[in-house]
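Peer 1: File entry.txt follows (compact mmCIF, C-alpha atoms):
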# COMPACT_ATOMS: atom_id res chain seq x y z
CA MET A 169 82.53 -141.63 43.44
CA ASN A 170 84.96 -141.89 40.50
CA ILE A 171 86.19 -145.35 39.44
CA GLU A 172 89.20 -146.08 37.25
CA ILE A 173 90.02 -149.64 36.19
CA LYS A 174 93.60 -150.62 35.38
CA GLU A 175 95.12 -154.00 34.52
CA ASN A 176 95.48 -155.25 38.11
CA LYS A 177 93.90 -152.42 40.09
CA ILE A 178 90.64 -150.56 40.69
CA ILE A 179 91.08 -146.98 41.91
CA ILE A 180 88.10 -145.28 43.56
CA ASP A 181 88.39 -141.55 44.22
CA ASN A 182 86.00 -139.73 46.58
CA PRO A 183 84.44 -143.01 47.81
CA GLN A 184 81.53 -141.52 49.73
CA ASP A 185 79.45 -144.63 49.01
CA PHE A 186 82.09 -147.21 49.95
CA ASP A 187 83.59 -147.71 53.39
CA VAL A 188 85.72 -150.86 53.40
CA PRO A 189 85.50 -151.73 57.16
CA GLN A 190 81.75 -151.10 57.22
CA THR A 191 81.23 -153.33 54.19
CA LEU A 192 83.42 -156.17 55.49
CA ASN A 193 82.22 -156.02 59.11
CA CYS A 194 78.46 -156.13 58.56
CA GLY A 195 78.03 -159.91 58.54
CA GLN A 196 77.91 -160.66 54.83
CA ILE A 197 81.43 -162.05 54.35
CA PHE A 198 83.69 -164.23 56.49
CA ARG A 199 86.95 -164.57 54.51
CA TYR A 200 88.80 -161.34 55.15
CA SER A 201 91.24 -159.63 57.49
CA ILE A 202 91.71 -155.94 58.29
CA ASP A 203 94.95 -154.37 59.45
CA GLY A 204 94.84 -150.61 59.86
CA ASN A 205 93.95 -149.07 56.52
CA SER A 206 94.37 -152.25 54.52
CA ALA A 207 92.39 -155.47 54.10
CA VAL A 208 92.70 -158.79 52.34
CA VAL A 209 89.54 -160.36 50.93
CA TYR A 210 89.08 -163.87 49.53
CA SER A 211 86.32 -165.38 47.41
CA LYS A 212 86.42 -168.79 45.72
CA ASN A 213 90.08 -169.13 44.67
CA LYS A 214 90.59 -165.36 44.27
CA MET A 215 92.15 -162.67 46.44
CA ALA A 216 92.08 -158.88 46.55
CA ILE A 217 94.11 -156.43 48.63
CA LEU A 218 92.35 -153.20 49.56
CA THR A 219 94.04 -150.06 50.86
CA TRP A 220 92.28 -146.82 51.64
CA SER A 221 92.54 -143.26 52.81
CA GLU A 222 89.88 -140.61 53.29
CA ASN A 223 89.73 -139.78 49.58
CA ARG A 224 90.78 -142.99 47.82
CA ILE A 225 90.34 -146.78 47.80
CA GLU A 226 92.64 -149.03 45.79
CA ILE A 227 91.71 -152.66 45.08
CA SER A 228 94.61 -154.76 43.78
CA SER A 229 93.93 -158.19 42.30
CA LYS A 230 94.72 -160.51 39.41
CA ASP A 231 90.93 -160.75 39.03
CA VAL A 232 89.91 -157.10 38.74
CA GLY A 233 86.67 -157.85 36.86
CA TYR A 234 85.58 -160.36 39.49
CA PHE A 235 86.10 -157.93 42.36
CA TYR A 236 84.50 -155.05 40.45
CA ASN A 237 81.31 -157.10 40.47
CA PHE A 238 82.02 -158.51 43.95
CA PHE A 239 81.91 -155.02 45.47
CA ASP A 240 78.85 -154.06 43.41
CA LEU A 241 80.67 -151.11 41.86
CA ASP A 242 78.19 -150.67 39.02
CA ARG A 243 75.37 -149.75 41.42
CA ASP A 244 74.45 -146.19 42.42
CA TYR A 245 74.24 -146.34 46.21
CA SER A 246 73.64 -142.59 46.49
CA ALA A 247 70.32 -143.09 44.72
CA ILE A 248 69.44 -146.02 47.00
CA LYS A 249 70.23 -144.02 50.13
CA GLN A 250 68.23 -141.07 48.82
CA VAL A 251 65.14 -143.29 48.63
CA LEU A 252 65.69 -145.12 51.93
CA THR A 253 66.34 -141.97 53.99
CA LYS A 254 62.80 -140.84 53.23
CA ASP A 255 61.86 -143.45 55.86
CA LYS A 256 62.49 -141.44 59.05
CA PHE A 257 63.00 -144.57 61.18
CA LEU A 258 65.67 -145.90 58.81
CA LYS A 259 67.47 -142.60 58.15
CA LYS A 260 69.73 -142.76 61.21
CA ALA A 261 70.88 -146.27 60.28
CA VAL A 262 71.58 -145.28 56.67
CA ASP A 263 73.58 -142.23 57.78
CA TYR A 264 75.53 -144.37 60.26
CA GLY A 265 76.40 -147.11 57.73
CA ALA A 266 76.54 -144.89 54.66
CA GLY A 267 79.57 -146.72 53.23
CA ILE A 268 78.07 -150.23 53.25
CA ARG A 269 77.86 -152.01 49.91
CA ILE A 270 76.21 -155.40 49.40
CA ILE A 271 78.75 -157.96 48.25
CA ASN A 272 78.05 -160.26 45.30
CA ASN A 273 79.71 -163.46 46.48
CA ASP A 274 79.69 -167.01 45.14
CA ALA A 275 76.38 -168.81 45.77
CA TYR A 276 77.93 -172.12 46.84
CA GLU A 277 80.43 -170.40 49.16
CA MET A 278 77.57 -168.43 50.74
CA LEU A 279 75.50 -171.58 51.17
CA VAL A 280 78.25 -173.35 53.12
CA SER A 281 79.24 -170.21 55.05
CA PHE A 282 75.73 -169.34 56.18
CA ILE A 283 74.97 -172.89 57.32
CA ILE A 284 78.04 -172.45 59.54
CA SER A 285 76.75 -169.03 60.64
CA ALA A 286 73.54 -170.31 62.28
CA ASN A 287 73.55 -169.37 65.99
CA ASN A 288 77.23 -168.43 65.77
CA ASN A 289 79.33 -165.26 66.07
CA ILE A 290 81.45 -163.82 63.29
CA GLY A 291 84.79 -164.69 64.91
CA ARG A 292 83.88 -168.35 65.24
CA ILE A 293 82.37 -168.47 61.75
CA LYS A 294 85.61 -167.09 60.29
CA LYS A 295 87.67 -169.73 62.12
CA SER A 296 85.43 -172.55 60.91
CA VAL A 297 85.57 -171.34 57.32
CA GLU A 298 89.36 -170.88 57.50
CA TYR A 299 89.77 -174.43 58.83
CA LEU A 300 87.75 -175.92 55.96
CA CYS A 301 89.73 -173.87 53.41
CA ALA A 302 93.07 -175.01 54.86
CA ARG A 303 91.92 -178.64 55.15
CA PHE A 304 90.09 -179.07 51.83
CA GLY A 305 90.89 -176.02 49.69
CA GLU A 306 93.50 -175.72 46.97
CA GLU A 307 96.74 -173.96 47.94
CA CYS A 308 96.96 -170.76 45.89
CA GLY A 309 100.39 -169.37 46.78
CA GLY A 310 100.09 -168.02 50.30
CA TYR A 311 96.39 -168.68 50.86
CA PHE A 312 93.82 -171.42 50.39
CA ALA A 313 90.85 -171.38 48.03
CA PHE A 314 87.38 -172.09 49.30
CA PRO A 315 86.99 -175.88 48.95
CA THR A 316 85.08 -177.01 45.88
CA LEU A 317 81.96 -179.09 46.35
CA SER A 318 83.75 -182.22 45.11
CA ALA A 319 86.58 -181.61 47.62
CA LEU A 320 84.18 -181.01 50.51
CA LYS A 321 82.40 -184.28 49.74
CA HIS A 322 85.50 -185.99 51.19
CA ALA A 323 84.90 -184.33 54.57
CA SER A 324 83.45 -186.51 57.32
CA VAL A 325 81.06 -185.50 60.07
CA GLN A 326 84.10 -185.49 62.38
CA ASP A 327 85.90 -183.09 60.05
CA PHE A 328 82.99 -180.67 60.37
CA ARG A 329 82.98 -181.12 64.14
CA THR A 330 86.72 -180.36 64.23
CA ALA A 331 85.97 -177.23 62.20
CA GLY A 332 83.79 -176.11 65.09
CA LEU A 333 80.35 -176.71 63.59
CA GLY A 334 78.93 -178.47 66.65
CA TYR A 335 75.38 -179.70 66.07
CA ARG A 336 75.56 -178.34 62.51
CA ALA A 337 78.22 -180.94 61.55
CA GLU A 338 75.68 -183.64 60.68
CA GLN A 339 73.51 -181.12 58.80
CA MET A 340 76.47 -179.86 56.77
CA PHE A 341 77.60 -183.39 55.96
CA GLU A 342 74.14 -184.38 54.73
CA THR A 343 73.70 -181.25 52.64
CA ILE A 344 77.15 -181.52 51.02
CA GLN A 345 76.53 -185.16 50.14
CA GLN A 346 73.13 -184.26 48.68
CA LEU A 347 74.27 -181.28 46.57
CA THR A 348 75.65 -181.47 43.04
CA ASP A 349 77.39 -178.85 40.91
CA GLU A 350 74.32 -179.00 38.67
CA ASP A 351 72.12 -178.07 41.64
CA ILE A 352 74.21 -174.95 42.22
CA GLU A 353 74.08 -173.91 38.55
CA ASN A 354 70.32 -174.53 38.38
CA LEU A 355 69.84 -172.52 41.58
CA LYS A 356 71.36 -169.44 39.96
CA ASN A 357 68.77 -169.53 37.16
CA MET A 358 65.65 -170.24 39.22
CA PRO A 359 62.97 -167.63 39.99
CA SER A 360 63.49 -166.32 43.53
CA ASP A 361 60.51 -168.20 45.00
CA GLU A 362 61.94 -171.49 43.69
CA GLN A 363 65.41 -170.57 44.97
CA PHE A 364 63.95 -170.11 48.44
CA LYS A 365 62.00 -173.37 48.26
CA PHE A 366 65.09 -175.31 47.19
CA LEU A 367 67.34 -173.77 49.83
CA VAL A 368 65.03 -174.41 52.79
CA SER A 369 64.76 -178.06 51.66
CA LEU A 370 68.45 -178.48 52.58
CA LYS A 371 69.54 -179.55 56.05
CA GLY A 372 70.81 -176.61 58.09
CA VAL A 373 69.09 -173.99 55.92
CA GLY A 374 66.24 -172.17 57.61
CA GLU A 375 64.45 -169.09 56.32
CA LYS A 376 67.03 -166.58 57.59
CA VAL A 377 69.95 -168.54 56.13
CA ALA A 378 68.11 -168.98 52.82
CA ASN A 379 67.47 -165.24 52.62
CA CYS A 380 71.15 -164.50 53.35
CA ILE A 381 72.29 -166.89 50.60
CA MET A 382 69.87 -165.25 48.19
CA LEU A 383 70.92 -161.71 49.14
CA PHE A 384 74.70 -162.16 49.20
CA GLY A 385 75.15 -165.09 46.80
CA LEU A 386 72.34 -164.89 44.27
CA GLY A 387 71.78 -161.15 43.89
CA VAL A 388 68.18 -161.19 45.16
CA LYS A 389 67.71 -157.78 46.77
CA ASN A 390 64.04 -157.90 47.84
CA VAL A 391 64.60 -160.32 50.76
CA PHE A 392 64.89 -159.35 54.43
CA PRO A 393 66.89 -161.82 56.55
CA VAL A 394 65.79 -161.69 60.19
CA ASP A 395 68.12 -162.39 63.11
CA THR A 396 68.15 -161.16 66.71
CA TRP A 397 69.12 -157.62 65.69
CA ILE A 398 66.46 -157.32 62.98
CA ASN A 399 63.92 -158.71 65.46
CA LYS A 400 64.86 -155.74 67.69
CA VAL A 401 64.52 -153.36 64.73
CA TYR A 402 61.00 -154.58 64.06
CA ASN A 403 59.92 -154.35 67.68
CA ALA A 404 61.29 -150.82 67.93
CA LEU A 405 59.58 -149.88 64.68
CA THR A 406 56.21 -151.33 65.65
CA ASN A 407 56.42 -150.92 69.45
CA THR A 408 55.70 -154.64 69.91
CA THR A 409 57.50 -157.67 71.37
CA THR A 410 56.86 -160.20 68.61
CA THR A 411 59.28 -163.07 67.93
CA ASP A 412 57.55 -164.34 64.78
CA ARG A 413 60.43 -163.96 62.35
CA LYS A 414 58.45 -165.13 59.32
CA LYS A 415 55.99 -162.31 59.95
CA ILE A 416 58.81 -159.81 60.54
CA SER A 417 60.56 -160.73 57.29
CA LYS A 418 57.32 -160.54 55.31
CA GLU A 419 56.29 -157.15 56.72
CA LEU A 420 59.73 -155.54 56.39
CA SER A 421 60.07 -156.87 52.83
CA ALA A 422 56.71 -155.33 52.02
CA ARG A 423 57.80 -152.03 53.59
CA TYR A 424 61.07 -151.72 51.65
CA GLY A 425 60.29 -153.68 48.48
CA GLU A 426 63.13 -154.03 45.98
CA LEU A 427 65.47 -152.21 48.38
CA SER A 428 64.81 -154.60 51.28
CA GLY A 429 68.29 -156.14 51.27
CA PHE A 430 69.94 -152.73 51.47
CA ALA A 431 67.63 -151.62 54.29
CA GLN A 432 68.37 -154.84 56.16
CA GLN A 433 72.12 -154.23 56.04
CA TYR A 434 71.84 -150.63 57.26
CA TYR A 435 69.56 -151.69 60.12
CA PHE A 436 71.67 -154.70 61.07
CA TYR A 437 74.94 -152.74 61.15
CA TYR A 438 73.48 -149.81 63.12
CA PHE A 439 71.61 -151.86 65.75
CA ARG A 440 74.42 -154.40 66.25
CA ASP A 441 77.27 -151.87 66.24
CA ASN A 442 75.49 -149.72 68.82
CA LYS A 443 74.11 -152.71 70.76
CA ILE A 444 70.62 -151.24 70.66
CA LYS A 445 68.13 -153.22 72.75
How would this structure read if it were set down as structure tokens?
Peer 2:
Amino acid sequence: MNIEIKENKIIIDNPQDFDVPQTLNCGQIFRYSIDGNSAVVYSKNKMAILTWSENRIEISSKDVGYFYNFFDLDRDYSAIKQVLTKDKFLKKAVDYGAGIRIINNDAYEMLVSFIISANNNIGRIKKSVEYLCARFGEECGGYFAFPTLSALKHASVQDFRTAGLGYRAEQMFETIQQLTDEDIENLKNMPSDEQFKFLVSLKGVGEKVANCIMLFGLGVKNVFPVDTWINKVYNALTNTTTTDRKKISKELSARYGELSGFAQQYYFYYFRDNKIK
């Protein structure tokens, strides 16, 4: 994979380790749209337009450096896949989702987004996030930024209900009122065990949501978020019918170590996309 950086564009030739639809459609981001061989992606108050063919991806943005990091372009995914495919049970999932990259998104945006995601489908999550951006985000010339924490503090419980949060509206309201910008900055610099402890202390943040925030918003790659699909992965792997997600996360994290987050994404995409029971 060859990467060339220009003033307002990143050009990736022979992108065997980057498939844009796979990366965007595997549950780690909710502010994007795909139309044929092009996509628009938003993060914070920034936007990128991606176009692709079999042999090239072009990422156009005023914030090239931000999206270079956002799409994790410094990381060697070929080396990661080479290690993970030694696990025979995981190999099929890695081969199927070979173009997935883990996105490095904004921690605060991931916190809000994954509280919304609890017991929800991606389409509904996207609509809820879009509503909050349009209602409380800054207009950026054709799109809305993700609302800042200070802006979202003006939202009422009813605003969150109107956004489609249902029973999560009260939880979101309480967490937003509790959080400060200093909390978010401190969170980024905490050891991972303290990050987890802080996150699960917030209303609406359980262990799975905390692990997702850490993986996609804080760069912690040794966590293993467990949802319905990963529960199925574990039961297929162990030939059991357990529903103890704390146990599942702990055992799968131990199995895949520092590459747990990557393994989780390959498994999730493969099992969900193929509706494996």
Peer 1: Give the answer as one residue: which of A:Arg440, A:Ala275, A:Ile284, A:Lys294 has the shortest atom-to-atom distance to Asn357 of chain A, using all atoms listed in the file?
Peer 2: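 Among A:Arg440, A:Ala275, A:Ile284, A:Lys294, it is A:Ala275 that comes nearest to Asn357 of chain A.
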Peer 1: Give as a PDB file with C-alpha atoms, keeping the file's coordinate frame each residue that has an atom at most 12 Å from (77.3, -175.2, 63.1) in the file, counting only C-alpha atoms.
Peer 2:
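Output saved as result.pdb:
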ATOM      1  CA  VAL A 280      78.250-173.350  53.120  1.00  0.00           C
ATOM      2  CA  SER A 281      79.240-170.210  55.050  1.00  0.00           C
ATOM      3  CA  PHE A 282      75.730-169.340  56.180  1.00  0.00           C
ATOM      4  CA  ILE A 283      74.970-172.890  57.320  1.00  0.00           C
ATOM      5  CA  ILE A 284      78.040-172.450  59.540  1.00  0.00           C
ATOM      6  CA  SER A 285      76.750-169.030  60.640  1.00  0.00           C
ATOM      7  CA  ALA A 286      73.540-170.310  62.280  1.00  0.00           C
ATOM      8  CA  ASN A 287      73.550-169.370  65.990  1.00  0.00           C
ATOM      9  CA  ASN A 288      77.230-168.430  65.770  1.00  0.00           C
ATOM     10  CA  ASN A 289      79.330-165.260  66.070  1.00  0.00           C
ATOM     11  CA  ARG A 292      83.880-168.350  65.240  1.00  0.00           C
ATOM     12  CA  ILE A 293      82.370-168.470  61.750  1.00  0.00           C
ATOM     13  CA  LYS A 294      85.610-167.090  60.290  1.00  0.00           C
ATOM     14  CA  LYS A 295      87.670-169.730  62.120  1.00  0.00           C
ATOM     15  CA  SER A 296      85.430-172.550  60.910  1.00  0.00           C
ATOM     16  CA  VAL A 297      85.570-171.340  57.320  1.00  0.00           C
ATOM     17  CA  VAL A 325      81.060-185.500  60.070  1.00  0.00           C
ATOM     18  CA  PHE A 328      82.990-180.670  60.370  1.00  0.00           C
ATOM     19  CA  ARG A 329      82.980-181.120  64.140  1.00  0.00           C
ATOM     20  CA  THR A 330      86.720-180.360  64.230  1.00  0.00           C
ATOM     21  CA  ALA A 331      85.970-177.230  62.200  1.00  0.00           C
ATOM     22  CA  GLY A 332      83.790-176.110  65.090  1.00  0.00           C
ATOM     23  CA  LEU A 333      80.350-176.710  63.590  1.00  0.00           C
ATOM     24  CA  GLY A 334      78.930-178.470  66.650  1.00  0.00           C
ATOM     25  CA  TYR A 335      75.380-179.700  66.070  1.00  0.00           C
ATOM     26  CA  ARG A 336      75.560-178.340  62.510  1.00  0.00           C
ATOM     27  CA  ALA A 337      78.220-180.940  61.550  1.00  0.00           C
ATOM     28  CA  GLU A 338      75.680-183.640  60.680  1.00  0.00           C
ATOM     29  CA  GLN A 339      73.510-181.120  58.800  1.00  0.00           C
ATOM     30  CA  MET A 340      76.470-179.860  56.770  1.00  0.00           C
ATOM     31  CA  PHE A 341      77.600-183.390  55.960  1.00  0.00           C
ATOM     32  CA  LYS A 371      69.540-179.550  56.050  1.00  0.00           C
ATOM     33  CA  GLY A 372      70.810-176.610  58.090  1.00  0.00           C
ATOM     34  CA  VAL A 373      69.090-173.990  55.920  1.00  0.00           C
TER      35      VAL A 373
END
Peer 1: Record the distance separating atom CA of Asn403 of chain A and atom CA of Gln432 of chain A, expressed in Å with one decimal.
Peer 2: 14.3 Å
Peer 1: List the neighbours of Asp412 of chain A out to 12 Å using all atoms listed in the file; skip same-chain residues closer than 4 positions along the sequence, and give me the result as a VMD selection string.
Peer 2: chain A and resid 375 394 to 396 398 to 400 402 to 403 408 416 to 419
Peer 1: Which residues are near Ser221 of chain A? Cut-off 12 Å, only C-alpha atoms, ignore same chain within fewer than 6 positions. Put them as a list of chain:residue names.
Peer 2: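 What passes the distance filter is A:Ile179, A:Ile180, A:Asp181, A:Asn182, A:Pro183, A:Gln184, A:Phe186, A:Asp187, A:Val188, A:Pro189, A:Gly204, A:Asn205, A:Ser206.
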Peer 1: Atom CA of Tyr264 of chain A and atom CA of Tyr438 of chain A are how many Å apart?
Peer 2: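 Separation of atom CA of Tyr264 of chain A and atom CA of Tyr438 of chain A: 6.5 Å.
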Peer 1: If we count only C-alpha atoms, what is near Lys365 of chain A at a cut-off of 12 Å, once residues fewer than 2 positions away on the same chain are taken out, given as a ChimeraX atom specification?
Peer 2: /A:355,358-363,367-370,373-375,378-379,382
